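Trainee: Take a look at protein-v6.cif, mmCIF, C-alpha atoms:
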```cif
data_model
#
loop_
_atom_site.group_PDB
_atom_site.id
_atom_site.type_symbol
_atom_site.label_atom_id
_atom_site.label_comp_id
_atom_site.auth_asym_id
_atom_site.auth_seq_id
_atom_site.Cartn_x
_atom_site.Cartn_y
_atom_site.Cartn_z
ATOM 1 C CA MET A 1 -128.912 91.393 369.287
ATOM 2 C CA ASP A 2 -125.695 93.364 369.470
ATOM 3 C CA ALA A 3 -123.764 90.219 370.447
ATOM 4 C CA THR A 4 -125.269 88.349 367.489
ATOM 5 C CA LEU A 5 -124.272 91.111 365.106
ATOM 6 C CA ASP A 6 -120.751 91.107 366.488
ATOM 7 C CA LEU A 7 -120.476 87.359 365.918
ATOM 8 C CA ARG A 8 -121.720 87.708 362.367
ATOM 9 C CA ASP A 9 -119.201 90.448 361.704
ATOM 10 C CA LEU A 10 -116.456 88.259 363.144
ATOM 11 C CA LYS A 11 -117.493 85.329 360.960
ATOM 12 C CA ALA A 12 -117.532 87.538 357.854
ATOM 13 C CA GLY A 13 -114.084 88.868 358.736
ATOM 14 C CA LEU A 14 -112.686 85.379 359.175
ATOM 15 C CA SER A 15 -114.158 84.278 355.842
ATOM 16 C CA LYS A 16 -112.591 87.241 354.068
ATOM 17 C CA ARG A 17 -109.207 86.557 355.621
ATOM 18 C CA THR A 18 -109.408 82.908 354.599
ATOM 19 C CA ILE A 19 -110.208 83.762 350.990
ATOM 20 C CA ARG A 20 -107.473 86.398 350.915
ATOM 21 C CA GLU A 21 -104.944 83.912 352.231
ATOM 22 C CA GLN A 22 -106.058 81.318 349.688
ATOM 23 C CA VAL A 23 -105.535 83.814 346.868
ATOM 24 C CA SER A 24 -102.114 84.841 348.207
ATOM 25 C CA HIS A 25 -101.055 81.183 348.315
ATOM 26 C CA ARG A 26 -102.385 80.692 344.781
ATOM 27 C CA ILE A 27 -100.361 83.613 343.429
ATOM 28 C CA ALA A 28 -97.305 82.448 345.393
ATOM 29 C CA ALA A 29 -97.653 78.979 343.859
ATOM 30 C CA MET A 30 -97.643 80.599 340.401
ATOM 31 C CA VAL A 31 -94.303 82.182 341.244
ATOM 32 C CA GLN A 32 -92.849 79.026 342.792
ATOM 33 C CA SER A 33 -93.845 76.867 339.830
ATOM 34 C CA GLY A 34 -92.351 79.261 337.272
ATOM 35 C CA LEU A 35 -95.690 80.441 335.916
ATOM 36 C CA LEU A 36 -94.690 83.896 337.149
ATOM 37 C CA ARG A 37 -91.028 84.893 337.414
ATOM 38 C CA PRO A 38 -89.077 87.822 338.894
ATOM 39 C CA GLY A 39 -89.593 90.825 336.670
ATOM 40 C CA ASP A 40 -93.054 89.775 335.499
ATOM 41 C CA GLY A 41 -95.841 92.276 335.909
ATOM 42 C CA LEU A 42 -98.977 90.900 337.510
ATOM 43 C CA PRO A 43 -102.280 91.380 335.728
ATOM 44 C CA SER A 44 -104.373 94.213 337.126
ATOM 45 C CA GLU A 45 -106.512 93.689 340.237
ATOM 46 C CA ARG A 46 -109.578 93.679 338.008
ATOM 47 C CA GLU A 47 -108.120 91.034 335.688
ATOM 48 C CA LEU A 48 -106.917 88.802 338.520
ATOM 49 C CA ALA A 49 -110.260 89.128 340.297
ATOM 50 C CA ALA A 50 -112.088 88.100 337.125
ATOM 51 C CA THR A 51 -109.750 85.180 336.401
ATOM 52 C CA LEU A 52 -109.807 83.826 339.969
ATOM 53 C CA GLU A 53 -113.473 84.822 340.507
ATOM 54 C CA VAL A 54 -112.940 86.741 343.731
ATOM 55 C CA SER A 55 -113.427 90.391 344.663
ATOM 56 C CA ARG A 56 -110.878 93.087 343.844
ATOM 57 C CA GLU A 57 -110.656 93.766 347.586
ATOM 58 C CA THR A 58 -109.585 90.146 348.123
ATOM 59 C CA VAL A 59 -106.957 90.379 345.386
ATOM 60 C CA ARG A 60 -105.662 93.654 346.806
ATOM 61 C CA GLY A 61 -105.320 92.121 350.274
ATOM 62 C CA ALA A 62 -103.553 89.039 348.882
ATOM 63 C CA ILE A 63 -101.064 91.171 346.946
ATOM 64 C CA GLN A 64 -100.378 93.292 350.018
ATOM 65 C CA MET A 65 -99.576 90.096 351.951
ATOM 66 C CA LEU A 66 -97.067 89.094 349.272
ATOM 67 C CA ALA A 67 -95.589 92.591 349.142
ATOM 68 C CA ALA A 68 -95.037 92.503 352.905
ATOM 69 C CA ILE A 69 -92.747 89.475 352.577
ATOM 70 C CA GLY A 70 -90.901 90.717 349.504
ATOM 71 C CA MET A 71 -92.423 88.479 346.845
ATOM 72 C CA VAL A 72 -93.948 91.342 344.842
ATOM 73 C CA GLU A 73 -93.408 95.081 344.608
ATOM 74 C CA ILE A 74 -96.366 97.447 344.422
ATOM 75 C CA SER A 75 -95.789 100.675 342.489
ATOM 76 C CA GLN A 76 -98.261 103.494 342.041
ATOM 77 C CA GLY A 77 -99.156 104.011 338.413
ATOM 78 C CA SER A 78 -97.594 100.785 337.140
ATOM 79 C CA ARG A 79 -98.171 97.054 337.370
ATOM 80 C CA THR A 80 -97.237 95.149 340.509
ATOM 81 C CA ARG A 81 -94.102 93.135 339.744
ATOM 82 C CA VAL A 82 -92.732 89.839 340.996
ATOM 83 C CA ILE A 83 -89.371 90.319 342.723
ATOM 84 C CA GLY A 84 -88.687 86.968 344.451
ATOM 85 C CA THR A 85 -89.937 83.859 346.219
ATOM 86 C CA ALA A 86 -88.368 84.273 349.667
ATOM 87 C CA ASP A 87 -90.077 83.538 352.983
ATOM 88 C CA PHE A 88 -93.286 82.001 351.698
ATOM 89 C CA PRO A 89 -94.386 78.416 352.446
ATOM 90 C CA ARG A 90 -93.770 76.299 349.360
ATOM 91 C CA ALA A 91 -96.905 74.974 347.678
ATOM 92 C CA ALA A 92 -97.439 71.254 348.232
ATOM 93 C CA ASN A 93 -97.562 70.439 344.506
ATOM 94 C CA THR A 94 -94.628 72.631 343.502
ATOM 95 C CA ARG A 95 -91.330 70.872 342.776
ATOM 96 C CA ASP A 96 -87.931 71.954 341.546
ATOM 97 C CA ARG A 97 -87.253 69.813 338.513
ATOM 98 C CA ASP A 98 -85.036 70.192 335.462
ATOM 99 C CA LEU A 99 -86.875 69.467 332.251
ATOM 100 C CA THR A 100 -85.136 67.197 329.742
ATOM 101 C CA ARG A 101 -86.566 65.438 326.705
ATOM 102 C CA ASP A 102 -86.969 62.311 328.841
ATOM 103 C CA THR A 103 -88.759 64.181 331.628
ATOM 104 C CA ALA A 104 -90.989 65.887 329.067
ATOM 105 C CA ARG A 105 -91.872 62.484 327.608
ATOM 106 C CA GLN A 106 -92.711 61.114 331.053
ATOM 107 C CA VAL A 107 -94.913 64.113 331.839
ATOM 108 C CA TYR A 108 -96.665 63.778 328.476
ATOM 109 C CA GLU A 109 -97.291 60.052 328.956
ATOM 110 C CA ALA A 110 -98.469 60.534 332.548
ATOM 111 C CA ARG A 111 -100.881 63.266 331.521
ATOM 112 C CA LEU A 112 -102.276 61.160 328.689
ATOM 113 C CA VAL A 113 -102.828 58.142 330.954
ATOM 114 C CA VAL A 114 -104.527 60.125 333.724
ATOM 115 C CA GLU A 115 -106.158 62.929 331.764
ATOM 116 C CA ARG A 116 -108.227 60.639 329.531
ATOM 117 C CA PRO A 117 -110.295 59.059 332.349
ATOM 118 C CA THR A 118 -110.361 62.342 334.293
ATOM 119 C CA THR A 119 -111.762 64.095 331.230
ATOM 120 C CA ARG A 120 -114.407 61.387 330.839
ATOM 121 C CA LEU A 121 -115.409 61.885 334.474
ATOM 122 C CA ALA A 122 -115.536 65.639 333.893
ATOM 123 C CA VAL A 123 -117.904 65.185 330.943
ATOM 124 C CA GLU A 124 -120.186 63.085 333.142
ATOM 125 C CA ARG A 125 -120.033 65.292 336.231
ATOM 126 C CA ILE A 126 -119.361 68.862 335.126
ATOM 127 C CA THR A 127 -121.956 71.301 336.421
ATOM 128 C CA ASP A 128 -123.615 74.143 334.555
ATOM 129 C CA ALA A 129 -121.745 76.553 336.832
ATOM 130 C CA GLU A 130 -118.404 74.984 335.885
ATOM 131 C CA LEU A 131 -119.267 75.146 332.191
ATOM 132 C CA GLN A 132 -120.137 78.818 332.605
ATOM 133 C CA ARG A 133 -116.814 79.334 334.374
ATOM 134 C CA LEU A 134 -114.992 77.799 331.383
ATOM 135 C CA ARG A 135 -116.969 79.999 328.987
ATOM 136 C CA ARG A 136 -115.947 83.120 330.893
ATOM 137 C CA LEU A 137 -112.298 82.064 330.875
ATOM 138 C CA VAL A 138 -112.291 81.346 327.127
ATOM 139 C CA GLU A 139 -114.107 84.597 326.401
ATOM 140 C CA ALA A 140 -111.473 86.517 328.371
ATOM 141 C CA GLN A 141 -108.649 84.630 326.640
ATOM 142 C CA HIS A 142 -109.620 86.194 323.318
ATOM 143 C CA GLU A 143 -108.162 89.431 324.706
ATOM 144 C CA MET A 144 -104.892 87.798 325.858
ATOM 145 C CA THR A 145 -103.282 86.830 322.546
ATOM 146 C CA ASN A 146 -100.573 89.466 323.072
ATOM 147 C CA ASP A 147 -100.141 88.839 326.811
ATOM 148 C CA PRO A 148 -98.601 85.363 327.361
ATOM 149 C CA VAL A 149 -98.179 85.794 331.128
ATOM 150 C CA ARG A 150 -101.806 86.710 331.664
ATOM 151 C CA PHE A 151 -102.861 83.906 329.311
ATOM 152 C CA GLN A 152 -100.872 81.306 331.265
ATOM 153 C CA ILE A 153 -102.650 82.251 334.487
ATOM 154 C CA SER A 154 -106.002 81.867 332.742
ATOM 155 C CA ASP A 155 -104.824 78.660 331.047
ATOM 156 C CA ALA A 156 -103.965 77.128 334.428
ATOM 157 C CA GLU A 157 -107.435 78.024 335.694
ATOM 158 C CA PHE A 158 -109.063 76.524 332.585
ATOM 159 C CA HIS A 159 -107.372 73.166 333.069
ATOM 160 C CA ASP A 160 -107.914 73.158 336.840
ATOM 161 C CA VAL A 161 -111.664 73.668 336.379
ATOM 162 C CA ILE A 162 -111.808 70.579 334.157
ATOM 163 C CA TYR A 163 -109.629 68.545 336.524
ATOM 164 C CA ARG A 164 -111.822 69.451 339.509
ATOM 165 C CA ALA A 165 -115.004 68.806 337.538
ATOM 166 C CA GLY A 166 -114.017 65.136 337.457
ATOM 167 C CA GLY A 167 -114.826 65.019 341.151
ATOM 168 C CA ASN A 168 -111.638 63.234 342.247
ATOM 169 C CA ALA A 169 -109.235 65.423 344.242
ATOM 170 C CA MET A 170 -106.355 62.940 343.945
ATOM 171 C CA LEU A 171 -106.548 62.925 340.160
ATOM 172 C CA SER A 172 -106.919 66.709 339.923
ATOM 173 C CA ASP A 173 -103.959 67.311 342.284
ATOM 174 C CA PHE A 174 -101.787 64.921 340.271
ATOM 175 C CA LEU A 175 -102.687 66.573 336.967
ATOM 176 C CA HIS A 176 -102.098 70.029 338.446
ATOM 177 C CA GLU A 177 -98.588 68.931 339.426
ATOM 178 C CA MET A 178 -97.919 67.516 335.955
ATOM 179 C CA TYR A 179 -99.131 70.791 334.454
ATOM 180 C CA SER A 180 -96.697 72.719 336.667
ATOM 181 C CA ILE A 181 -93.598 70.876 335.432
ATOM 182 C CA GLY A 182 -91.711 72.680 332.691
ATOM 183 C CA LEU A 183 -93.619 75.954 332.811
ATOM 184 C CA GLU A 184 -90.440 77.874 332.009
ATOM 185 C CA PHE A 185 -90.381 76.149 328.612
ATOM 186 C CA ARG A 186 -94.094 76.702 328.087
ATOM 187 C CA ARG A 187 -93.538 80.412 328.681
ATOM 188 C CA ARG A 188 -90.954 80.455 325.914
ATOM 189 C CA VAL A 189 -93.302 78.623 323.557
ATOM 190 C CA LEU A 190 -96.079 81.121 324.221
ATOM 191 C CA LEU A 191 -93.794 84.035 323.352
ATOM 192 C CA GLU A 192 -93.726 82.826 319.740
ATOM 193 C CA ASP A 193 -96.081 84.497 317.270
ATOM 194 C CA GLY A 194 -99.458 82.786 317.131
ATOM 195 C CA ALA A 195 -98.749 80.377 319.995
ATOM 196 C CA VAL A 196 -101.397 81.795 322.344
ATOM 197 C CA ALA A 197 -103.961 81.824 319.543
ATOM 198 C CA LYS A 198 -103.324 78.113 318.891
ATOM 199 C CA SER A 199 -103.838 77.249 322.556
ATOM 200 C CA LEU A 200 -107.003 79.342 322.568
ATOM 201 C CA ASP A 201 -108.297 77.415 319.543
ATOM 202 C CA ASP A 202 -107.633 74.184 321.452
ATOM 203 C CA HIS A 203 -109.591 75.501 324.435
ATOM 204 C CA ILE A 204 -112.504 76.441 322.197
ATOM 205 C CA GLN A 205 -112.632 72.888 320.811
ATOM 206 C CA ILE A 206 -112.420 71.326 324.279
ATOM 207 C CA LEU A 207 -115.166 73.583 325.628
ATOM 208 C CA ALA A 208 -117.452 72.946 322.639
ATOM 209 C CA ALA A 209 -117.174 69.178 323.140
ATOM 210 C CA LEU A 210 -117.772 69.514 326.887
ATOM 211 C CA GLU A 211 -120.880 71.594 326.250
ATOM 212 C CA ARG A 212 -122.244 68.805 324.018
ATOM 213 C CA ARG A 213 -121.428 66.295 326.783
ATOM 214 C CA ASP A 214 -119.570 64.312 324.120
ATOM 215 C CA ALA A 215 -116.915 62.314 325.982
ATOM 216 C CA ASP A 216 -115.125 60.927 322.917
ATOM 217 C CA ALA A 217 -114.902 64.347 321.249
ATOM 218 C CA THR A 218 -113.719 66.004 324.459
ATOM 219 C CA ILE A 219 -110.996 63.399 324.992
ATOM 220 C CA ALA A 220 -109.903 63.751 321.350
ATOM 221 C CA ALA A 221 -109.701 67.552 321.735
ATOM 222 C CA VAL A 222 -107.686 67.194 324.947
ATOM 223 C CA GLU A 223 -105.311 64.698 323.305
ATOM 224 C CA ASN A 224 -104.782 67.044 320.361
ATOM 225 C CA HIS A 225 -103.964 69.826 322.819
ATOM 226 C CA LEU A 226 -101.510 67.659 324.775
ATOM 227 C CA ASN A 227 -99.831 66.437 321.583
ATOM 228 C CA ARG A 228 -99.252 69.990 320.397
ATOM 229 C CA ILE A 229 -97.957 71.101 323.798
ATOM 230 C CA HIS A 230 -95.543 68.172 323.899
ATOM 231 C CA CYS A 231 -94.170 68.785 320.410
ATOM 232 C CA THR A 232 -93.653 72.526 320.931
ATOM 233 C CA THR A 233 -92.056 71.920 324.346
ATOM 234 C CA LEU A 234 -89.570 69.496 322.789
ATOM 235 C CA ASP A 235 -88.726 72.108 320.151
ATOM 236 C CA VAL A 236 -87.866 74.636 322.866
ATOM 237 C CA ILE A 237 -85.821 72.082 324.834
ATOM 238 C CA ASP A 238 -83.829 71.190 321.720
ATOM 239 C CA ALA A 239 -83.165 74.882 321.019
ATOM 240 C CA SER A 240 -81.907 75.522 324.574
#
```
Using structure tokens, write down the structure from this file.
Mentor:
Amino acid sequence: MDATLDLRDLKAGLSKRTIREQVSHRIAAMVQSGLLRPGDGLPSERELAATLEVSRETVRGAIQMLAAIGMVEISQGSRTRVIGTADFPRAANTRDRDLTRDTARQVYEARLVVERPTTRLAVERITDAELQRLRRLVEAQHEMTNDPVRFQISDAEFHDVIYRAGGNAMLSDFLHEMYSIGLEFRRRVLLEDGAVAKSLDDHIQILAALERRDADATIAAVENHLNRIHCTTLDVIDAS
């Protein structure tokens, strides 16, 4: 019996380490893609745990891993801050790419072409658990209208849930990469007054259509969201 208990404990420990490492890689990918930049304060452990749907202990362990290699700095009494990207394996879907009007157009067109059928698949295949996950994200986003960095992390999760709900890993990975291009410009858009609230309104419309299992309405809501993102991104590029 003792040997069995030891094996169970070992298995539990391995599972925890795996989840912790997955979360550390996820946060690192946010930094590498530009979603988080040096100087940014991370959301609290509680907020990150809620957004990523893991335990606070897992988040704490992941952040400690990143602190050990100099990616973040942990300070007592203040938010953990991003300080660099050194010495961490680069995420597979993260690319260095300058964003021009032409690149932005290509990203927009690629997302439209792939996101329409992926969204239709998501409407057909999304589970009740995934819908509940989207509801929790949107509910939390109501409290993020004055916190663009925290909103972007939640926004990435919102879109990834829909991509994965389509049930095709190749399509979801491609769309995740397209989402990651030009995040520096998206950050600047979201700093404008009312920008987060507009994205939240888009999410509410997308979720409502998904809940009705209405494919045409969901695709229309997604297209409206992509159109607005594209136009505001071009505005920021032109002002650069």
Trainee: For atom CA of His230 of chain A and atom CA of Leu200 of chain A, quote the distance in Å rounded to one decimal.
Mentor: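 Taking atom CA of His230 of chain A and atom CA of Leu200 of chain A, their separation equals 16.1 Å.
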Trainee: Check the smallest atom-to-atom distance from each of A:Asp201, A:Asp238, A:Glu73, A:Glu184 to Ala221 of chain A using only C-alpha atoms, then report the winner.
Mentor: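 Checking each candidate against Ala221 of chain A, we get A:Asp201 as the closest.
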Trainee: By how many Å are atom CA of Val59 of chain A and atom CA of Pro43 of chain A apart?
Mentor: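 Rounded to one decimal, the two atoms are 10.8 Å apart.
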Trainee: Quick one: which segment 100-130 of chain A residues come within 10 Å of segment 202-217 of chain A, and what is the nearest atom pair for each with the distance in Å to one decimal, counting all atoms listed in the file, rows ordered by chain and ascending number, as a tab-separated table?
Mentor:
```
residue	atom	partner	partner_atom	distance
A:Arg116	CA	A:Ala215	CA	9.5
A:Pro117	CA	A:Ala215	CA	9.7
A:Thr119	CA	A:Ala215	CA	7.6
A:Arg120	CA	A:Ala215	CA	5.5
A:Leu121	CA	A:Ala215	CA	8.6
A:Ala122	CA	A:Leu210	CA	8.3
A:Val123	CA	A:Arg213	CA	5.6
A:Glu124	CA	A:Arg213	CA	7.2
A:Arg125	CA	A:Arg213	CA	9.6
A:Ile126	CA	A:Leu210	CA	8.4
A:Asp128	CA	A:Glu211	CA	9.1
```
Trainee: Taking the file as shown, what set of residues would the PyMOL selection byres ((chain A and resi 189) around 12) give back, as a count of residues only?
Mentor: 32
Trainee: May I ask for the distance between atom CA of Gly84 of chain A and atom CA of Gly70 of chain A, given in Å to one decimal place?
Mentor: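 Computed distance, atom CA of Gly84 of chain A to atom CA of Gly70 of chain A, equals 6.7 Å.
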Trainee: Just checking: using only C-alpha atoms, which residue out of A:Leu112, A:Ile69, A:Val54, A:Leu42 ends up closest to Arg81 of chain A?
Mentor: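 Residue with the minimum atom-to-atom distance to Arg81 of chain A: A:Leu42.
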Trainee: Box for segment 186-192 of chain A - axis-aligned, 6 Å on each of the six sides, all listed atoms - centre and size in Å to one decimal, as lines of an AutoDock Vina configuration file.
Mentor:
```
center_x = -93.5
center_y = 80.4
center_z = 324.2
size_x = 17.1
size_y = 19.3
size_z = 20.9
```
Trainee: Which is closest to Ser180 of chain A among A:Asp155, A:Glu143, A:Glu130, A:Glu57, if we use all atoms listed in the file?
Mentor: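 Under the stated criterion, the closest residue is A:Asp155.
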Trainee: So, with all atoms listed in the file as the atoms that count, which of A:Ala110, A:Ser44, A:Thr58, A:Leu171 lies closest to Arg79 of chain A?
Mentor: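 Of the candidates, the smallest distance to Arg79 of chain A is held by A:Ser44.
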Trainee: For segment 47-49 of chain A, please output as a ChimeraX atom specification all residues within 12 Å (counting all atoms listed in the file; exclusion window: fewer than 4 positions along the same chain).
Mentor: /A:19-20,23-24,26-27,41-43,53-63,79-80,137,140-141,143-144,149-151,153-154,157
Trainee: I'd like the contact shell of Phe174 of chain A - 9 Å cut-off, only C-alpha atoms, skipping same-chain residues fewer than 3 positions apart - returned as number ranges by chain.
Mentor: A: 93, 111, 114, 169-171, 177-179
